[in-house]
$ cat input16.txt   # compact mmCIF, C-alpha atoms and all ligand atoms
# COMPACT_ATOMS: atom_id res chain seq x y z
CA MET A 1 306.21 98.95 144.86
CA LYS A 2 305.41 99.70 148.51
CA ASN A 3 306.89 96.45 149.85
CA SER A 4 309.50 93.98 148.72
CA HIS A 5 306.99 91.31 149.60
CA LEU A 6 303.23 91.24 149.86
CA ILE A 7 301.47 92.33 153.06
CA ILE A 8 297.68 92.22 153.22
CA THR A 9 295.81 93.56 156.26
CA ILE A 10 292.30 92.65 157.38
CA ASP A 11 290.71 94.61 160.21
CA GLY A 12 287.21 94.59 161.61
CA PRO A 13 285.07 93.75 164.63
CA ALA A 14 284.67 90.31 166.23
CA ALA A 15 282.87 87.59 164.21
CA ALA A 16 282.83 89.58 160.95
CA GLY A 17 284.53 86.77 159.00
CA LYS A 18 288.12 88.10 159.12
CA GLY A 19 289.67 84.80 160.18
CA THR A 20 288.22 82.65 157.40
CA LEU A 21 288.90 85.29 154.78
CA SER A 22 292.51 85.74 155.96
CA ARG A 23 293.23 82.03 155.91
CA ARG A 24 291.74 81.67 152.41
CA LEU A 25 293.73 84.61 151.06
CA ALA A 26 296.98 83.42 152.66
CA GLU A 27 296.47 80.03 151.01
CA ARG A 28 295.58 81.56 147.64
CA TYR A 29 298.66 83.83 147.48
CA GLY A 30 301.11 81.50 149.26
CA LEU A 31 301.57 83.87 152.22
CA ARG A 32 301.94 83.32 155.95
CA HIS A 33 299.00 84.18 158.19
CA LEU A 34 298.95 85.87 161.58
CA ASP A 35 295.73 86.17 163.57
CA THR A 36 296.83 89.02 165.85
CA GLY A 37 293.82 88.54 168.14
CA LEU A 38 295.57 85.38 169.31
CA THR A 39 298.53 87.41 170.57
CA TYR A 40 296.21 89.39 172.89
CA ARG A 41 294.32 86.20 173.81
CA ALA A 42 297.54 84.31 174.66
CA THR A 43 298.74 87.19 176.85
CA ALA A 44 295.40 87.29 178.68
CA LYS A 45 295.23 83.49 179.08
CA ALA A 46 298.74 83.29 180.52
CA LEU A 47 297.71 85.85 183.17
CA LEU A 48 294.41 84.06 183.90
CA ASP A 49 296.12 80.64 184.12
CA ARG A 50 298.58 81.98 186.72
CA GLY A 51 295.84 83.72 188.69
CA LEU A 52 297.46 87.10 188.00
CA PRO A 53 295.51 90.38 187.67
CA LEU A 54 294.57 91.61 184.19
CA ASP A 55 295.17 95.27 184.98
CA ASP A 56 298.87 95.18 185.98
CA GLU A 57 300.50 96.62 182.88
CA ASP A 58 304.11 95.70 183.75
CA LEU A 59 303.17 92.08 184.44
CA ALA A 60 301.19 91.87 181.19
CA VAL A 61 304.12 93.33 179.23
CA GLU A 62 306.47 90.73 180.67
CA VAL A 63 304.10 87.98 179.48
CA ALA A 64 303.66 89.64 176.07
CA LEU A 65 307.42 89.90 175.54
CA ASN A 66 307.81 86.17 176.05
CA LEU A 67 305.13 85.00 173.60
CA ASP A 68 306.05 82.64 170.78
CA LEU A 69 303.91 83.78 167.86
CA SER A 70 304.50 80.61 165.88
CA GLY A 71 302.81 78.42 168.49
CA LEU A 72 299.46 80.18 168.88
CA ASP A 73 296.43 77.91 168.60
CA ARG A 74 292.89 79.32 168.41
CA SER A 75 291.34 76.10 169.70
CA VAL A 76 292.91 76.58 173.14
CA LEU A 77 292.37 80.36 173.13
CA ALA A 78 288.80 80.45 171.78
CA GLN A 79 286.94 80.60 175.11
CA HIS A 80 284.61 83.53 175.51
CA GLY A 81 286.23 84.57 178.80
CA VAL A 82 289.66 84.65 177.15
CA GLY A 83 288.31 86.97 174.41
CA GLU A 84 286.84 89.30 177.02
CA ALA A 85 290.11 89.30 179.00
CA ALA A 86 292.07 89.91 175.77
CA SER A 87 289.97 92.97 175.02
CA THR A 88 290.76 94.29 178.52
CA VAL A 89 294.50 93.62 178.24
CA ALA A 90 294.48 95.23 174.76
CA VAL A 91 293.72 98.71 176.11
CA MET A 92 297.17 98.93 177.77
CA PRO A 93 299.62 100.90 175.56
CA LYS A 94 302.80 99.11 176.74
CA VAL A 95 301.25 95.71 176.04
CA ARG A 96 300.22 96.89 172.59
CA ARG A 97 303.74 98.17 171.88
CA ALA A 98 305.29 94.80 172.78
CA LEU A 99 302.81 92.81 170.71
CA VAL A 100 302.88 95.19 167.73
CA GLU A 101 306.67 94.86 167.57
CA ALA A 102 306.40 91.06 167.52
CA GLN A 103 303.63 91.24 164.87
CA ARG A 104 305.75 93.50 162.64
CA ALA A 105 308.75 91.18 162.93
CA PHE A 106 306.50 88.24 161.94
CA ALA A 107 305.05 90.20 158.99
CA LYS A 108 308.49 91.09 157.61
CA ARG A 109 309.58 87.52 156.99
CA PRO A 110 309.29 86.30 153.38
CA PRO A 111 307.32 85.59 151.27
CA GLY A 112 304.77 87.94 152.89
CA THR A 113 301.92 87.84 155.33
CA VAL A 114 298.17 88.26 155.73
CA LEU A 115 297.49 89.77 159.16
CA ASP A 116 294.06 90.15 160.70
CA GLY A 117 293.08 92.17 163.74
CA ARG A 118 291.81 95.60 164.76
CA ASP A 119 294.69 98.03 164.10
CA ILE A 120 296.73 96.33 161.38
CA GLY A 121 296.08 98.73 158.50
CA THR A 122 296.21 101.78 160.76
CA VAL A 123 299.13 101.03 163.14
CA VAL A 124 300.91 97.68 162.67
CA CYS A 125 301.43 97.75 158.88
CA PRO A 126 300.36 101.18 157.60
CA ASP A 127 302.36 100.63 154.37
CA ALA A 128 300.66 97.31 153.52
CA ARG A 129 300.04 96.75 149.81
CA VAL A 130 296.32 95.97 150.20
CA LYS A 131 294.06 96.71 153.19
CA PHE A 132 290.57 95.47 153.94
CA TYR A 133 288.03 96.35 156.60
CA VAL A 134 285.57 93.50 157.02
CA THR A 135 282.36 94.10 158.88
CA ALA A 136 278.76 92.91 159.29
CA SER A 137 275.80 94.05 161.37
CA PRO A 138 275.98 93.14 165.09
CA GLU A 139 272.88 90.93 164.70
CA ILE A 140 274.42 88.89 161.89
CA ARG A 141 277.72 88.54 163.77
CA ALA A 142 275.90 87.43 166.92
CA GLN A 143 273.94 84.83 164.92
CA ARG A 144 277.18 83.46 163.43
CA ARG A 145 278.80 83.21 166.87
CA TYR A 146 275.64 81.53 168.22
CA ARG A 147 275.58 78.93 165.42
CA GLU A 148 279.30 78.21 165.88
CA ILE A 149 278.77 77.47 169.60
CA ILE A 150 275.66 75.34 168.99
CA ASN A 151 277.38 73.39 166.16
CA GLN A 152 280.22 72.58 168.53
CA GLY A 153 277.69 71.08 170.97
CA GLY A 154 277.67 74.05 173.36
CA THR A 155 274.80 76.10 174.76
CA ALA A 156 274.30 79.81 174.29
CA GLU A 157 271.70 82.59 174.42
CA LEU A 158 271.51 84.82 171.35
CA PRO A 159 270.61 88.06 173.23
CA ALA A 160 273.55 87.56 175.62
CA ILE A 161 275.95 86.99 172.70
CA LEU A 162 274.68 90.14 170.98
CA ALA A 163 275.10 92.19 174.17
CA ASP A 164 278.66 90.84 174.65
CA LEU A 165 279.64 91.61 171.05
CA GLU A 166 278.32 95.15 171.33
CA LYS A 167 280.22 95.66 174.59
CA ARG A 168 283.42 94.33 173.00
CA ASP A 169 282.95 96.52 169.88
CA ALA A 170 282.54 99.58 172.12
CA ARG A 171 285.69 98.74 174.12
CA ASP A 172 287.78 97.99 171.00
CA ALA A 173 286.58 101.07 169.09
CA GLY A 174 286.51 103.40 172.10
CA ARG A 175 290.00 102.87 173.53
CA ALA A 176 292.50 105.71 173.26
CA ASP A 177 295.42 103.65 171.88
CA SER A 178 294.95 102.15 168.38
CA PRO A 179 291.14 101.96 168.37
CA LEU A 180 289.30 99.74 165.91
CA ARG A 181 288.68 101.79 162.76
CA PRO A 182 289.16 101.40 159.02
CA ALA A 183 292.40 102.78 157.55
CA ASP A 184 291.70 105.65 155.12
CA ASP A 185 292.88 103.46 152.23
CA ALA A 186 291.08 100.26 153.32
CA HIS A 187 288.64 98.49 151.00
CA MET A 188 285.36 97.93 152.83
CA ILE A 189 283.75 94.48 152.69
CA ASP A 190 280.37 94.04 154.39
CA THR A 191 279.62 90.35 154.94
CA SER A 192 276.07 90.91 156.25
CA ASP A 193 274.52 89.77 152.99
CA GLN A 194 277.32 87.83 151.34
CA GLY A 195 278.86 84.49 152.10
CA ILE A 196 282.56 83.97 152.63
CA GLU A 197 282.97 82.77 149.03
CA GLU A 198 281.63 86.04 147.65
CA ALA A 199 283.77 88.08 150.08
CA PHE A 200 286.81 86.01 149.04
CA GLU A 201 286.14 86.68 145.33
CA THR A 202 285.73 90.42 146.00
CA ALA A 203 289.00 90.54 147.97
CA LYS A 204 290.81 88.49 145.33
CA SER A 205 289.85 90.82 142.47
CA ILE A 206 291.02 93.84 144.49
CA ILE A 207 294.38 92.18 145.27
CA ASP A 208 294.86 91.01 141.67
CA ALA A 209 294.17 94.52 140.38
CA ALA A 210 296.70 95.96 142.88
CA LEU A 211 299.36 93.41 141.88
CA ALA A 212 298.75 94.04 138.17
CA ALA A 213 299.30 97.77 138.74
CA ASP A 214 302.72 97.24 140.41
O1 LIG A 301 289.81 88.93 167.21
P1 LIG A 301 289.75 88.38 168.62
O2 LIG A 301 288.37 88.22 169.14
O3 LIG A 301 290.56 87.13 168.78
O4 LIG A 301 290.50 89.49 169.51
C1 LIG A 301 290.47 89.47 170.91
C2 LIG A 301 290.70 90.87 171.45
O5 LIG A 301 292.04 91.28 171.21
C3 LIG A 301 289.83 91.95 170.83
O6 LIG A 301 288.60 92.13 171.49
C4 LIG A 301 290.67 93.19 170.92
C5 LIG A 301 292.08 92.67 170.92
N1 LIG A 301 292.79 92.91 169.65
C6 LIG A 301 293.37 94.14 169.48
O7 LIG A 301 293.21 95.03 170.32
N2 LIG A 301 294.12 94.39 168.37
C7 LIG A 301 294.28 93.44 167.43
N3 LIG A 301 295.05 93.71 166.35
C8 LIG A 301 293.66 92.18 167.57
C9 LIG A 301 292.89 91.94 168.70

$ encode --input "input16.txt" --output "C-alpha cells" --more "lines below"
Ligand code: DC
Amino acid sequence: MKNSHLIITIDGPAAAGKGTLSRRLAERYGLRHLDTGLTYRATAKALLDRGLPLDDEDLAVEVALNLDLSGLDRSVLAQHGVGEAASTVAVMPKVRRALVEAQRAFAKRPPGTVLDGRDIGTVVCPDARVKFYVTASPEIRAQRRYREIINQGGTAELPAILADLEKRDARDAGRADSPLRPADDAHMIDTSDQGIEEAFETAKSIIDAALAAD
C-alpha cells in the first residue's frame, strides 16, 4: 500500500467541478477535505484587506505561514477579485512552499484526505493513492460560473467571465513553479458532457477498484 491512510487528489482548472466532486468523495469515504485554492485565496485576501501589495513575496509568506487551514470558508473568499489576486500570489515560489507544507501536514492526519487544487497530484501529494484531473471546456466552465452568479442574485456578462477564466488558466498553467497539469498517473474526467453525479460514479468506481487491489 502506498499510504497508511487514503489520500485522493483532484486537480484541474477553475470551475471544472473539482469542489463538488471532492466534497462528495470525502463524504462517501469518510475522509477530510481540503480545498487548497482557499489557502491561496485567504493569503491574497489578508493582503488586500490590509491594503498591502500583492507582489511582495516576503510579506505574502509571512501571511501564508500564519494561516489556520481549519477555518477557511469559501463564502467569504469567493469574490472574483480574491480569485484573481490568489492566482497572482500563487506564482511566488516561497508562498507556494509555505502553503504546500501546511497542506501536506493537513493531508497526513487520519483517517485520510481528499485535496483539490492545481498541483496536488504533481507536487503536494505525489504518492497519493488515487489521482484525478477534472476538466471541461472553457465555454462550459464559463457558463457554470455565470449561472452560479445569476442564481445568487448577482449580475455578470458571459463573455467577460470566459475571458477571465482563460486568463486565469493561462496564468495557472504557464507559471514556472508547480504549473497546472495532470500528473502522469492521474485519471482524466471531462465534465463537459456529464453531470456531477456521473463524474462522481466514475470516480467512485476507480477508487473502489484501487482499494480492492490493495
Ligand atoms: O481553485 P480556486 O479558484 O479557489 O484557486 C484560486 C487560485 O489559487 C488559482 O487561480 C491558482 C491558485 N491555486 C494554486 O496555485 N494551487 C492550488 N493547489 C490551488 C489554487

$ residues_around --input "input16.txt" --residues "Ala170 of chain A" --least-positions-apart "2" --cutoff "12 Å" --atoms "all atoms listed in the file" --output "VMD selection string"
chain A and resid 13 to 14 87 to 88 91 138 163 to 168 172 to 176 179 to 181

$ closest_residue --input "input16.txt" --among "A:Ala156, A:Ile120, A:Val114, A:Ala203" --to "Thr191 of chain A" --atoms "all atoms listed in the file"
A:Ala203

$ atom_distance --input "input16.txt" --atom1 "atom CA of Ala26 of chain A" --atom2 "atom CA of Gly112 of chain A"
9.0 Å

$ residues_near_ligand --input "input16.txt" --ligand "ligand LIG 301 (chain A)" --cutoff "8 Å" --atoms "only C-alpha atoms and all ligand atoms" --output "PyMOL selection string"
chain A and resi 11+13-15+35-41+78+82-91+96+116-120+124+168-169+171-172+178-180

$ atom_distance --input "input16.txt" --atom1 "atom CA of Leu52 of chain A" --atom2 "atom CA of Leu99 of chain A"
19.0 Å

$ residues_around --input "input16.txt" --residues "Thr9 of chain A" --least-positions-apart "6" --cutoff "12 Å" --atoms "all atoms listed in the file" --output "count of residues only"
47

$ atom_distance --input "input16.txt" --atom1 "atom CA of Pro110 of chain A" --atom2 "atom CA of Ile7 of chain A"
9.9 Å

$ closest_residue --input "input16.txt" --among "A:Ala136, A:Glu201, A:Leu65, A:His80" --to "Ile161 of chain A" --atoms "all atoms listed in the file"
A:His80

$ residues_near_point --input "input16.txt" --point "(300.3, 91.7, 183.5)" --cutoff "8 Å" --atoms "only C-alpha atoms" --output "list in words"
Leu47, Leu52, Pro53, Leu54, Asp55, Asp56, Glu57, Asp58, Leu59, Ala60, Val61, Glu62 and Val63 of chain A

$ closest_residue --input "input16.txt" --among "A:Thr20, A:Gln79, A:Gln194, A:Ser137" --to "Ala44 of chain A" --atoms "all atoms listed in the file"
A:Gln79

$ build_atoms --input "input16.txt" --residues "segment 95-118 of chain A" --atoms "N, CA, C and O atoms" --output "PDB file, keeping the file's coordinate frame"
ATOM      1  N   VAL A  95     301.512  97.070 176.535  1.00  0.00           N
ATOM      2  CA  VAL A  95     301.250  95.710 176.040  1.00  0.00           C
ATOM      3  C   VAL A  95     301.128  95.767 174.519  1.00  0.00           C
ATOM      4  O   VAL A  95     301.711  94.948 173.794  1.00  0.00           O
ATOM      5  N   ARG A  96     300.394  96.754 174.033  1.00  0.00           N
ATOM      6  CA  ARG A  96     300.220  96.890 172.590  1.00  0.00           C
ATOM      7  C   ARG A  96     301.577  97.063 171.903  1.00  0.00           C
ATOM      8  O   ARG A  96     301.855  96.453 170.889  1.00  0.00           O
ATOM      9  N   ARG A  97     302.439  97.914 172.499  1.00  0.00           N
ATOM     10  CA  ARG A  97     303.740  98.170 171.880  1.00  0.00           C
ATOM     11  C   ARG A  97     304.545  96.867 171.744  1.00  0.00           C
ATOM     12  O   ARG A  97     305.137  96.595 170.710  1.00  0.00           O
ATOM     13  N   ALA A  98     304.526  96.063 172.810  1.00  0.00           N
ATOM     14  CA  ALA A  98     305.290  94.800 172.780  1.00  0.00           C
ATOM     15  C   ALA A  98     304.726  93.869 171.717  1.00  0.00           C
ATOM     16  O   ALA A  98     305.475  93.259 170.936  1.00  0.00           O
ATOM     17  N   LEU A  99     303.399  93.755 171.667  1.00  0.00           N
ATOM     18  CA  LEU A  99     302.810  92.810 170.710  1.00  0.00           C
ATOM     19  C   LEU A  99     302.931  93.321 169.270  1.00  0.00           C
ATOM     20  O   LEU A  99     303.183  92.537 168.349  1.00  0.00           O
ATOM     21  N   VAL A 100     302.782  94.627 169.089  1.00  0.00           N
ATOM     22  CA  VAL A 100     302.880  95.190 167.730  1.00  0.00           C
ATOM     23  C   VAL A 100     304.294  94.951 167.177  1.00  0.00           C
ATOM     24  O   VAL A 100     304.463  94.591 166.007  1.00  0.00           O
ATOM     25  N   GLU A 101     305.298  95.098 168.026  1.00  0.00           N
ATOM     26  CA  GLU A 101     306.670  94.860 167.570  1.00  0.00           C
ATOM     27  C   GLU A 101     306.842  93.408 167.107  1.00  0.00           C
ATOM     28  O   GLU A 101     307.426  93.144 166.053  1.00  0.00           O
ATOM     29  N   ALA A 102     306.305  92.480 167.884  1.00  0.00           N
ATOM     30  CA  ALA A 102     306.400  91.060 167.520  1.00  0.00           C
ATOM     31  C   ALA A 102     305.608  90.793 166.227  1.00  0.00           C
ATOM     32  O   ALA A 102     306.049  90.030 165.356  1.00  0.00           O
ATOM     33  N   GLN A 103     304.450  91.433 166.085  1.00  0.00           N
ATOM     34  CA  GLN A 103     303.630  91.240 164.870  1.00  0.00           C
ATOM     35  C   GLN A 103     304.356  91.779 163.634  1.00  0.00           C
ATOM     36  O   GLN A 103     304.353  91.157 162.571  1.00  0.00           O
ATOM     37  N   ARG A 104     305.016  92.931 163.791  1.00  0.00           N
ATOM     38  CA  ARG A 104     305.750  93.500 162.640  1.00  0.00           C
ATOM     39  C   ARG A 104     306.919  92.606 162.240  1.00  0.00           C
ATOM     40  O   ARG A 104     307.185  92.406 161.058  1.00  0.00           O
ATOM     41  N   ALA A 105     307.611  92.059 163.224  1.00  0.00           N
ATOM     42  CA  ALA A 105     308.750  91.180 162.930  1.00  0.00           C
ATOM     43  C   ALA A 105     308.239  89.938 162.178  1.00  0.00           C
ATOM     44  O   ALA A 105     308.851  89.484 161.211  1.00  0.00           O
ATOM     45  N   PHE A 106     307.096  89.408 162.605  1.00  0.00           N
ATOM     46  CA  PHE A 106     306.500  88.240 161.940  1.00  0.00           C
ATOM     47  C   PHE A 106     306.136  88.610 160.491  1.00  0.00           C
ATOM     48  O   PHE A 106     306.404  87.855 159.556  1.00  0.00           O
ATOM     49  N   ALA A 107     305.529  89.787 160.313  1.00  0.00           N
ATOM     50  CA  ALA A 107     305.050  90.200 158.990  1.00  0.00           C
ATOM     51  C   ALA A 107     306.173  90.390 157.982  1.00  0.00           C
ATOM     52  O   ALA A 107     305.996  90.190 156.788  1.00  0.00           O
ATOM     53  N   LYS A 108     307.350  90.776 158.485  1.00  0.00           N
ATOM     54  CA  LYS A 108     308.490  91.090 157.610  1.00  0.00           C
ATOM     55  C   LYS A 108     309.090  89.877 156.932  1.00  0.00           C
ATOM     56  O   LYS A 108     309.774  89.993 155.929  1.00  0.00           O
ATOM     57  N   ARG A 109     308.881  88.690 157.526  1.00  0.00           N
ATOM     58  CA  ARG A 109     309.580  87.520 156.990  1.00  0.00           C
ATOM     59  C   ARG A 109     308.965  87.103 155.647  1.00  0.00           C
ATOM     60  O   ARG A 109     307.758  87.187 155.460  1.00  0.00           O
ATOM     61  N   PRO A 110     309.797  86.684 154.692  1.00  0.00           N
ATOM     62  CA  PRO A 110     309.290  86.300 153.380  1.00  0.00           C
ATOM     63  C   PRO A 110     308.418  85.051 153.451  1.00  0.00           C
ATOM     64  O   PRO A 110     308.574  84.288 154.406  1.00  0.00           O
ATOM     65  N   PRO A 111     307.534  84.808 152.506  1.00  0.00           N
ATOM     66  CA  PRO A 111     307.320  85.590 151.270  1.00  0.00           C
ATOM     67  C   PRO A 111     306.296  86.709 151.457  1.00  0.00           C
ATOM     68  O   PRO A 111     305.974  87.397 150.494  1.00  0.00           O
ATOM     69  N   GLY A 112     305.806  86.932 152.672  1.00  0.00           N
ATOM     70  CA  GLY A 112     304.770  87.940 152.890  1.00  0.00           C
ATOM     71  C   GLY A 112     303.703  87.387 153.812  1.00  0.00           C
ATOM     72  O   GLY A 112     303.711  86.182 154.117  1.00  0.00           O
ATOM     73  N   THR A 113     302.831  88.249 154.269  1.00  0.00           N
ATOM     74  CA  THR A 113     301.920  87.840 155.330  1.00  0.00           C
ATOM     75  C   THR A 113     300.535  88.469 155.179  1.00  0.00           C
ATOM     76  O   THR A 113     300.427  89.622 154.759  1.00  0.00           O
ATOM     77  N   VAL A 114     299.515  87.709 155.530  1.00  0.00           N
ATOM     78  CA  VAL A 114     298.170  88.260 155.730  1.00  0.00           C
ATOM     79  C   VAL A 114     298.007  88.382 157.243  1.00  0.00           C
ATOM     80  O   VAL A 114     298.193  87.403 157.961  1.00  0.00           O
ATOM     81  N   LEU A 115     297.709  89.583 157.725  1.00  0.00           N
ATOM     82  CA  LEU A 115     297.490  89.770 159.160  1.00  0.00           C
ATOM     83  C   LEU A 115     296.059  90.219 159.387  1.00  0.00           C
ATOM     84  O   LEU A 115     295.561  91.085 158.653  1.00  0.00           O
ATOM     85  N   ASP A 116     295.389  89.637 160.370  1.00  0.00           N
ATOM     86  CA  ASP A 116     294.060  90.150 160.700  1.00  0.00           C
ATOM     87  C   ASP A 116     293.995  90.589 162.155  1.00  0.00           C
ATOM     88  O   ASP A 116     294.703  90.071 163.006  1.00  0.00           O
ATOM     89  N   GLY A 117     293.171  91.623 162.389  1.00  0.00           N
ATOM     90  CA  GLY A 117     293.080  92.170 163.740  1.00  0.00           C
ATOM     91  C   GLY A 117     292.191  93.391 163.797  1.00  0.00           C
ATOM     92  O   GLY A 117     291.143  93.438 163.143  1.00  0.00           O
ATOM     93  N   ARG A 118     292.614  94.388 164.592  1.00  0.00           N
ATOM     94  CA  ARG A 118     291.810  95.600 164.760  1.00  0.00           C
ATOM     95  C   ARG A 118     292.542  96.856 164.280  1.00  0.00           C
ATOM     96  O   ARG A 118     291.918  97.828 163.879  1.00  0.00           O
TER      97      ARG A 118
END
